[in-house]
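Okay, query-v1.cif now, which holds mmCIF, C-alpha atoms (C1' of nucleotides):
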```cif
data_input
loop_
_atom_site.label_atom_id
_atom_site.label_comp_id
_atom_site.auth_asym_id
_atom_site.auth_seq_id
_atom_site.Cartn_x
_atom_site.Cartn_y
_atom_site.Cartn_z
CA MET M 1247 23.08 11.43 9.87
CA LYS M 1248 22.01 10.74 13.40
CA LEU M 1249 23.48 10.82 16.88
CA SER M 1250 22.35 7.88 19.00
CA LYS M 1251 20.85 8.23 22.44
CA LYS M 1252 23.89 6.37 23.67
CA SER M 1253 26.22 9.12 22.50
CA GLU M 1254 23.91 11.86 23.66
CA TYR M 1255 23.68 10.33 27.13
CA GLY M 1256 27.40 9.72 27.13
CA LEU M 1257 28.13 13.36 26.35
CA ARG M 1258 25.69 14.59 28.96
CA ALA M 1259 27.18 12.25 31.55
CA LEU M 1260 30.61 13.61 30.72
CA ILE M 1261 29.44 17.13 31.42
CA GLU M 1262 28.79 16.09 35.00
CA LEU M 1263 32.08 14.23 35.26
CA THR M 1264 33.94 17.19 33.82
CA GLN M 1265 32.41 19.55 36.31
CA ALA M 1266 33.34 17.17 39.12
CA HIS M 1267 36.84 16.62 37.74
CA GLY M 1268 39.53 16.91 40.41
CA THR M 1269 36.91 17.48 43.07
CA ALA M 1270 34.71 14.47 43.46
CA THR M 1271 33.81 11.06 42.10
CA LEU M 1272 30.26 10.58 40.90
CA GLN M 1273 28.06 7.54 41.21
CA ARG M 1274 25.92 6.36 38.37
CA HIS M 1275 22.66 7.21 40.11
CA GLU M 1276 23.79 10.77 40.70
CA ILE M 1277 24.66 11.26 37.06
CA ALA M 1278 21.49 9.51 35.99
CA ALA M 1279 19.34 11.68 38.22
CA ARG M 1280 20.92 14.99 37.19
CA GLN M 1281 20.83 14.20 33.51
CA HIS M 1282 17.61 12.18 33.35
CA ILE M 1283 19.21 9.05 32.00
CA PRO M 1284 17.99 5.50 32.73
CA VAL M 1285 20.49 4.17 35.26
CA GLU M 1286 21.08 0.77 33.75
CA PHE M 1287 21.58 2.17 30.30
CA LEU M 1288 23.97 4.76 31.66
CA GLU M 1289 25.86 1.97 33.31
CA GLN M 1290 26.90 0.33 30.07
CA ILE M 1291 27.84 3.70 28.62
CA LEU M 1292 30.13 4.51 31.53
CA LEU M 1293 31.63 1.07 31.25
CA ALA M 1294 32.41 1.58 27.58
CA LEU M 1295 34.05 4.90 28.35
CA LYS M 1296 36.02 3.21 31.09
CA ARG M 1297 37.23 0.44 28.81
CA ALA M 1298 38.28 3.10 26.34
CA GLY M 1299 40.44 4.65 29.01
CA LEU M 1300 38.57 7.86 29.68
CA LEU M 1301 37.24 7.01 33.11
CA SER M 1302 38.33 5.17 36.19
CA SER M 1303 35.99 3.70 38.74
CA ARG M 1304 35.89 2.39 42.29
CA ARG M 1305 33.48 -0.18 43.63
CA GLY M 1306 31.73 -0.43 46.94
CA MET M 1307 30.60 2.32 49.24
CA LYS M 1308 32.10 5.68 48.34
CA GLY M 1309 32.73 4.28 44.89
CA GLY M 1310 31.91 5.92 41.61
CA TYR M 1311 33.41 7.22 38.39
CA THR M 1312 36.06 9.84 37.69
CA LEU M 1313 37.50 11.39 34.58
CA ILE M 1314 40.98 9.99 34.16
CA LYS M 1315 42.27 12.53 31.63
CA PRO M 1316 42.13 16.33 31.66
CA PRO M 1317 38.89 17.55 30.07
CA ASP M 1318 40.76 19.71 27.60
CA GLU M 1319 42.49 16.67 26.17
CA ILE M 1320 39.32 14.75 25.37
CA SER M 1321 37.44 15.68 22.22
CA LEU M 1322 33.79 15.05 21.53
CA GLY M 1323 34.91 13.22 18.42
CA GLN M 1324 36.73 10.64 20.51
CA VAL M 1325 33.71 10.11 22.72
CA ILE M 1326 31.29 9.70 19.85
CA ARG M 1327 33.62 7.30 18.06
CA ILE M 1328 33.75 5.14 21.17
CA LEU M 1329 29.99 5.03 21.59
CA ASP M 1330 28.68 5.30 18.04
CA GLY M 1331 31.54 4.27 15.79
CA PRO M 1332 33.08 6.31 12.97
CA LEU M 1333 32.00 9.87 12.24
CA ALA M 1334 32.16 9.42 8.47
CA PRO M 1335 28.76 9.14 6.73
CA ILE M 1336 30.07 6.29 4.60
CA GLY M 1337 32.79 3.69 5.09
CA CYS M 1338 34.93 4.64 2.11
CA VAL M 1339 35.69 8.11 3.50
CA SER M 1340 36.38 7.13 7.10
CA LYS M 1341 39.88 7.84 8.35
CA THR M 1342 39.57 5.83 11.53
CA ALA M 1343 37.63 2.88 10.08
CA TYR M 1344 38.07 2.85 6.32
CA GLN M 1345 36.14 0.27 4.35
CA LYS M 1346 36.26 -0.22 0.62
CA CYS M 1347 32.84 0.14 -0.96
CA SER M 1348 31.88 -3.09 -2.64
CA ASP M 1349 29.14 -2.32 -5.08
CA CYS M 1350 30.14 1.14 -6.25
CA PRO M 1351 30.87 1.36 -9.98
CA TYR M 1352 33.43 4.08 -9.25
CA ALA M 1353 35.34 1.97 -6.73
CA ASN M 1354 39.06 2.07 -7.45
CA LYS M 1355 38.51 4.74 -10.08
CA SER M 1356 40.27 7.99 -9.40
CA ARG M 1357 37.13 9.87 -8.55
CA CYS M 1358 33.78 8.84 -7.16
CA PRO M 1359 31.30 11.69 -6.78
CA VAL M 1360 29.77 10.25 -3.63
CA GLN M 1361 33.14 9.73 -2.07
CA SER M 1362 34.20 13.24 -2.95
CA VAL M 1363 31.20 14.97 -1.38
CA MET M 1364 30.98 12.71 1.62
CA GLY M 1365 34.69 13.21 2.19
CA THR M 1366 34.17 16.92 2.61
CA VAL M 1367 31.21 16.26 4.89
CA ARG M 1368 33.29 13.93 7.00
CA ASP M 1369 36.06 16.51 7.24
CA ALA M 1370 33.59 19.17 8.30
CA ILE M 1371 32.09 16.99 11.03
CA ALA M 1372 35.44 15.76 12.29
CA GLY M 1373 36.84 19.28 12.08
CA ILE M 1374 34.24 20.44 14.56
CA LEU M 1375 34.00 17.42 16.80
CA ASP M 1376 37.70 16.68 17.07
CA HIS M 1377 38.54 20.23 18.08
CA TYR M 1378 35.77 20.62 20.57
CA THR M 1379 36.97 19.41 23.96
CA LEU M 1380 35.02 18.32 26.99
CA ALA M 1381 36.28 21.45 28.72
CA ASP M 1382 34.70 23.68 26.03
CA PHE M 1383 31.64 21.53 26.06
CA ALA M 1384 30.95 21.54 29.76
CA ALA M 1385 31.54 25.27 29.88
CA GLY M 1386 28.90 25.68 27.22
CA SER M 1387 31.18 27.89 25.16
CA PRO M 1388 30.07 28.35 21.54
CA LYS M 1389 33.47 27.08 20.38
CA GLY M 1390 37.06 27.91 21.40
CA MET O 7 26.23 9.88 11.47
CA LYS O 8 25.48 7.62 8.59
CA LEU O 9 24.20 7.84 5.06
CA SER O 10 21.78 5.05 4.21
CA LYS O 11 22.10 2.82 1.17
CA LYS O 12 18.86 4.34 0.04
CA SER O 13 20.37 7.79 -0.18
CA GLU O 14 23.60 6.53 -1.66
CA TYR O 15 21.72 4.66 -4.38
CA GLY O 16 19.46 7.63 -4.89
CA LEU O 17 22.39 9.93 -5.45
CA ARG O 18 24.09 7.51 -7.80
CA ALA O 19 20.88 7.06 -9.76
CA LEU O 20 20.60 10.82 -10.08
CA ILE O 21 24.06 10.98 -11.60
CA GLU O 22 22.76 8.92 -14.48
CA LEU O 23 19.58 10.92 -14.78
CA THR O 24 21.53 14.16 -14.72
CA GLN O 25 23.81 12.99 -17.50
CA ALA O 26 20.77 11.98 -19.54
CA HIS O 27 18.95 15.22 -18.77
CA GLY O 28 17.40 16.78 -21.83
CA THR O 29 18.60 13.94 -24.00
CA ALA O 30 16.93 10.71 -23.00
CA THR O 31 14.70 9.01 -20.49
CA LEU O 32 16.19 6.13 -18.54
CA GLN O 33 14.54 2.94 -17.43
CA ARG O 34 15.08 1.51 -14.00
CA HIS O 35 16.96 -1.52 -15.25
CA GLU O 36 19.39 0.70 -17.16
CA ILE O 37 20.13 2.77 -14.10
CA ALA O 38 20.31 -0.32 -11.97
CA ALA O 39 22.76 -2.02 -14.30
CA ARG O 40 25.04 0.99 -14.69
CA GLN O 41 25.15 1.75 -11.00
CA HIS O 42 24.94 -1.78 -9.61
CA ILE O 43 21.76 -1.22 -7.67
CA PRO O 44 19.12 -3.92 -6.98
CA VAL O 45 16.31 -3.07 -9.41
CA GLU O 46 13.41 -3.45 -7.03
CA PHE O 47 15.04 -1.38 -4.36
CA LEU O 48 15.89 1.28 -6.90
CA GLU O 49 12.25 1.34 -7.92
CA GLN O 50 11.01 2.57 -4.57
CA ILE O 51 13.76 5.15 -4.47
CA LEU O 52 12.83 6.56 -7.87
CA LEU O 53 9.22 6.55 -6.80
CA ALA O 54 10.00 8.59 -3.72
CA LEU O 55 11.95 11.06 -5.81
CA LYS O 56 9.07 11.26 -8.20
CA ARG O 57 6.54 11.90 -5.44
CA ALA O 58 8.81 14.63 -4.16
CA GLY O 59 8.63 16.29 -7.55
CA LEU O 60 12.17 15.73 -8.81
CA LEU O 61 11.37 13.18 -11.48
CA SER O 62 8.68 12.44 -13.99
CA SER O 63 8.00 9.05 -15.45
CA ARG O 64 6.23 7.32 -18.29
CA ARG O 65 4.87 3.81 -18.22
CA GLY O 66 4.80 1.16 -20.86
CA MET O 67 7.22 0.52 -23.65
CA LYS O 68 9.60 3.43 -24.19
CA GLY O 69 8.81 4.51 -20.66
CA GLY O 70 11.27 5.50 -17.99
CA TYR O 71 12.34 8.33 -15.76
CA THR O 72 13.48 11.88 -16.43
CA LEU O 73 14.75 14.70 -14.29
CA ILE O 74 12.00 17.27 -14.13
CA LYS O 75 14.06 20.20 -12.81
CA PRO O 76 17.40 21.56 -14.00
CA PRO O 77 20.27 19.74 -12.27
CA ASP O 78 21.75 22.97 -11.00
CA GLU O 79 18.58 23.69 -9.04
CA ILE O 80 18.57 20.45 -7.09
CA SER O 81 20.85 20.16 -4.10
CA LEU O 82 22.14 16.98 -2.56
CA GLY O 83 20.64 18.16 0.69
CA GLN O 84 17.17 18.08 -0.81
CA VAL O 85 17.69 14.58 -2.12
CA ILE O 86 19.02 13.20 1.14
CA ARG O 87 16.20 14.80 3.11
CA ILE O 88 13.68 13.12 0.85
CA LEU O 89 15.24 9.70 1.21
CA ASP O 90 16.76 9.76 4.69
CA GLY O 91 14.98 12.51 6.56
CA PRO O 92 16.55 15.53 8.26
CA LEU O 93 20.27 16.21 8.03
CA ALA O 94 20.52 17.30 11.66
CA PRO O 95 22.17 14.78 14.00
CA ILE O 96 19.51 15.43 16.62
CA GLY O 97 15.91 16.61 16.46
CA CYS O 98 16.31 19.74 18.53
CA VAL O 99 18.68 21.36 16.03
CA SER O 100 16.83 20.47 12.84
CA LYS O 101 15.59 23.40 10.80
CA THR O 102 13.39 21.36 8.50
CA ALA O 103 12.01 18.95 11.13
CA TYR O 104 12.49 20.47 14.57
CA GLN O 105 11.54 18.38 17.53
CA LYS O 106 11.78 19.44 21.15
CA CYS O 107 13.97 17.11 23.16
CA SER O 108 11.93 15.50 25.88
CA ASP O 109 14.31 14.20 28.48
CA CYS O 110 17.07 16.78 28.30
CA PRO O 111 17.63 18.66 31.56
CA TYR O 112 18.63 21.74 29.57
CA ALA O 113 15.45 21.75 27.50
CA ASN O 114 13.93 25.22 27.39
CA LYS O 115 16.99 26.64 29.11
CA SER O 116 18.83 29.23 27.14
CA ARG O 117 21.77 27.01 26.35
CA CYS O 118 22.18 23.29 26.06
CA PRO O 119 25.75 22.16 25.33
CA VAL O 120 24.62 19.28 23.13
CA GLN O 121 22.30 21.52 21.20
CA SER O 122 25.02 24.10 20.73
CA VAL O 123 27.62 21.70 19.31
CA MET O 124 25.19 19.69 17.24
CA GLY O 125 23.80 22.92 15.88
CA THR O 126 27.15 23.83 14.43
CA VAL O 127 27.54 20.31 13.07
CA ARG O 128 24.16 20.55 11.41
CA ASP O 129 25.06 23.87 9.88
CA ALA O 130 28.31 22.49 8.55
CA ILE O 131 26.60 19.49 6.95
CA ALA O 132 23.75 21.52 5.52
CA GLY O 133 26.19 24.18 4.37
CA ILE O 134 27.93 21.65 2.19
CA LEU O 135 25.00 19.55 1.06
CA ASP O 136 22.58 22.39 0.36
CA HIS O 137 25.06 24.21 -1.86
CA TYR O 138 26.20 21.20 -3.77
CA THR O 139 23.94 20.71 -6.77
CA LEU O 140 23.33 17.66 -8.91
CA ALA O 141 25.12 19.45 -11.72
CA ASP O 142 28.29 19.80 -9.63
CA PHE O 143 27.86 16.30 -8.39
CA ALA O 144 27.46 14.55 -11.71
CA ALA O 145 30.39 16.51 -13.09
CA GLY O 146 32.47 15.22 -10.21
CA SER O 147 33.74 18.71 -9.44
CA PRO O 148 35.37 19.04 -6.03
CA LYS O 149 32.96 21.82 -5.08
CA GLY O 150 31.78 25.02 -6.76
"C1'" DT W 907 29.60 -10.05 58.04
"C1'" DA W 908 26.43 -6.72 55.95
"C1'" DC W 909 25.91 -3.40 52.72
"C1'" DT W 910 26.92 -0.72 48.86
"C1'" DT W 911 28.54 -0.03 44.51
"C1'" DC W 912 30.48 -1.30 40.17
"C1'" DT W 913 30.93 -5.44 36.59
"C1'" DT W 914 29.39 -8.59 33.23
"C1'" DG W 915 26.59 -10.97 30.27
"C1'" DA W 916 22.02 -12.23 28.75
"C1'" DT W 917 17.71 -10.94 27.26
"C1'" DT W 918 14.12 -8.13 25.22
"C1'" DA W 919 10.76 -5.33 22.54
"C1'" DA W 920 10.48 -2.11 19.15
"C1'" DC W 921 12.23 -0.30 15.28
"C1'" DT W 922 14.94 0.49 11.04
"C1'" DC W 923 17.37 -1.06 6.92
"C1'" DA W 924 17.82 -3.27 2.77
"C1'" DG W 925 15.71 -5.83 -0.11
"C1'" DT W 926 11.98 -8.92 -2.24
"C1'" DC W 927 7.50 -10.16 -4.15
"C1'" DG W 928 3.02 -10.12 -6.32
"C1'" DG W 929 -0.21 -7.94 -8.55
"C1'" DA W 930 -2.36 -3.61 -10.64
"C1'" DT W 931 -2.14 0.07 -13.85
"C1'" DT W 932 -0.78 2.43 -17.98
"C1'" DC W 933 1.43 2.84 -22.26
"C1'" DT W 934 3.10 1.25 -27.07
"C1'" DA W 935 3.24 -1.82 -30.96
"C1'" DG W 936 1.27 -4.78 -33.99
"C1'" DC T 1480 -8.04 -5.07 -29.31
"C1'" DT T 1481 -4.56 -7.80 -27.58
"C1'" DA T 1482 0.25 -8.88 -26.00
"C1'" DG T 1483 3.92 -7.30 -23.84
"C1'" DA T 1484 6.72 -3.83 -21.65
"C1'" DA T 1485 7.25 -0.76 -18.34
"C1'" DT T 1486 6.00 1.85 -14.06
"C1'" DC T 1487 3.12 1.83 -9.66
"C1'" DC T 1488 1.98 0.34 -5.05
"C1'" DG T 1489 1.55 -2.09 -0.92
"C1'" DA T 1490 2.80 -5.78 1.79
"C1'" DC T 1491 6.22 -8.68 3.48
"C1'" DT T 1492 10.64 -10.46 5.31
"C1'" DG T 1493 15.13 -11.30 7.57
"C1'" DA T 1494 18.92 -9.31 9.64
"C1'" DG T 1495 20.63 -6.02 12.40
"C1'" DT T 1496 20.44 -1.96 15.60
"C1'" DT T 1497 18.72 0.76 19.46
"C1'" DA T 1498 17.45 1.50 23.88
"C1'" DA T 1499 16.84 -0.51 27.44
"C1'" DT T 1500 16.14 -4.10 31.48
"C1'" DC T 1501 17.48 -7.89 34.47
"C1'" DA T 1502 20.01 -11.06 37.29
"C1'" DA T 1503 23.92 -12.59 39.31
"C1'" DG T 1504 28.80 -11.78 40.55
"C1'" DA T 1505 33.01 -9.27 42.29
"C1'" DA T 1506 35.10 -5.77 45.06
"C1'" DG T 1507 35.35 -2.31 48.27
"C1'" DT T 1508 33.79 -0.02 53.07
"C1'" DA T 1509 32.10 -0.10 57.78
#
```
Would you mind writing the file's structure down as structure tokens?
Amino acid sequence: MKLSKKSEYGLRALIELTQAHGTATLQRHEIAARQHIPVEFLEQILLALKRAGLLSSRRGMKGGYTLIKPPDEISLGQVIRILDGPLAPIGCVSKTAYQKCSDCPYANKSRCPVQSVMGTVRDAIAGILDHYTLADFAAGSPKG
Amino acid sequence: MKLSKKSEYGLRALIELTQAHGTATLQRHEIAARQHIPVEFLEQILLALKRAGLLSSRRGMKGGYTLIKPPDEISLGQVIRILDGPLAPIGCVSKTAYQKCSDCPYANKSRCPVQSVMGTVRDAIAGILDHYTLADFAAGSPKG
DNA sequence: TACTTCTTGATTAACTCAGTCGGATTCTAG
DNA sequence: CTAGAATCCGACTGAGTTAATCAAGAAGTA
């Protein structure tokens, strides 16, 4: 039940990029400095977000990173899935990365207690994180 | 955002112990066999639950484990906290194991975006898991 | 060409997870 | 009182993850 540093840093970096959206491109050291993130670690996070299509980047002097999509079309759920993997607490209730549980005696039965509870937990988490956009997030609003 | 095997096994073991509650005491190999859990791993789980005051045990022939409290007074949240630690995705929003975030630029400010979102996530998770009892769970009911 | 910045892949140290093992202790049965 | 059955307890291990760090390369700007 834990959010990795990677995701936390990623989200914090995206606050900066959201605030700069449309205005400026940010370099990794700027983001790192403002958000107290180790530069080289931040680097691989930004790269992952770029590969996932959220950011674009330019090299060389005057280079840096920019948000490629409007902040109100990116959910925190998407970001965390990119950096941390599925939101579901257990593979057999994941909607984006389902995995049959191997050793469960209830597997393939109509109802597994664990699956049932963890399914509702997954839905609760995803319900929050998939409806919370970067725009909400960067504005610090307690939910839209 | 993940439930460990330890907690999963623990919960499954408690299904058996709940069903046997008041009737019989169960030995680790019985639980292990019925729930497909490695016996020696199960052992340390049962021990932890015992130390936490949920189970009692007897040694020697005719020994085994019993639920010590009524199943409708034990929540899944309690169990998972014993085996996996706090439910909160991040230390600074945990109610049972709060920890100030060290490197966050918003620390001690009135509002941190991460803290705000993860706080609602924590509340959602705890809201489900702390109101779901072993009795509900073992009965397989889709929530009381 | 010189310099700056992103890009990529390798490497690392510390830690956690999932499980195993060996021996000690306590209980029952005979 | 002894044998055997069960829990108790701590140490250990191997694989994998986390959180970085490093070095070298590619691309853009002046």
TODO: Enter the distance from CA of Ser1253 in chain M to CA of Gln1281 in chain M, in Å, rounded to one decimal.
DONE: 13.3 Å
- [ ] Determine the residue membership of the PyMOL selection byres ((chain O) within 6 of (chain W)) for the file above and supply it as a ChimeraX atom specification.
- [x] /O:65-67
Find the residues of chain O in contact range of chain M, meaning any atom within 7 Å when counting all atoms listed in the file, and list them as a PDB file with C-alpha atoms, keeping the file's coordinate frame.
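Written out: part37.pdb:
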```
ATOM      1  CA  MET O   7      26.230   9.880  11.470  1.00  0.00           C
ATOM      2  CA  LYS O   8      25.480   7.620   8.590  1.00  0.00           C
ATOM      3  CA  LEU O   9      24.200   7.840   5.060  1.00  0.00           C
ATOM      4  CA  GLN O  41      25.150   1.750 -11.000  1.00  0.00           C
ATOM      5  CA  HIS O  42      24.940  -1.780  -9.610  1.00  0.00           C
ATOM      6  CA  LEU O  93      20.270  16.210   8.030  1.00  0.00           C
ATOM      7  CA  ALA O  94      20.520  17.300  11.660  1.00  0.00           C
ATOM      8  CA  PRO O  95      22.170  14.780  14.000  1.00  0.00           C
ATOM      9  CA  ILE O  96      19.510  15.430  16.620  1.00  0.00           C
ATOM     10  CA  ASP O 109      14.310  14.200  28.480  1.00  0.00           C
ATOM     11  CA  CYS O 110      17.070  16.780  28.300  1.00  0.00           C
ATOM     12  CA  PRO O 111      17.630  18.660  31.560  1.00  0.00           C
ATOM     13  CA  PRO O 119      25.750  22.160  25.330  1.00  0.00           C
ATOM     14  CA  SER O 122      25.020  24.100  20.730  1.00  0.00           C
ATOM     15  CA  VAL O 127      27.540  20.310  13.070  1.00  0.00           C
ATOM     16  CA  ALA O 130      28.310  22.490   8.550  1.00  0.00           C
ATOM     17  CA  ILE O 131      26.600  19.490   6.950  1.00  0.00           C
ATOM     18  CA  ILE O 134      27.930  21.650   2.190  1.00  0.00           C
ATOM     19  CA  PHE O 143      27.860  16.300  -8.390  1.00  0.00           C
ATOM     20  CA  ALA O 144      27.460  14.550 -11.710  1.00  0.00           C
ATOM     21  CA  GLY O 146      32.470  15.220 -10.210  1.00  0.00           C
ATOM     22  CA  PRO O 148      35.370  19.040  -6.030  1.00  0.00           C
TER      23      PRO O 148
END
```
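Within 9 Å of chain T, and using all atoms listed in the file, the residues found on chain O are Gln33, Glu49, Leu53, Ser63, Arg64, Arg65, Gly66, Met67, Lys68, Gly69 and Gly70 of chain O.
CA of Thr1312 in chain M is found 10.7 Å from CA of Arg1274 in chain M.
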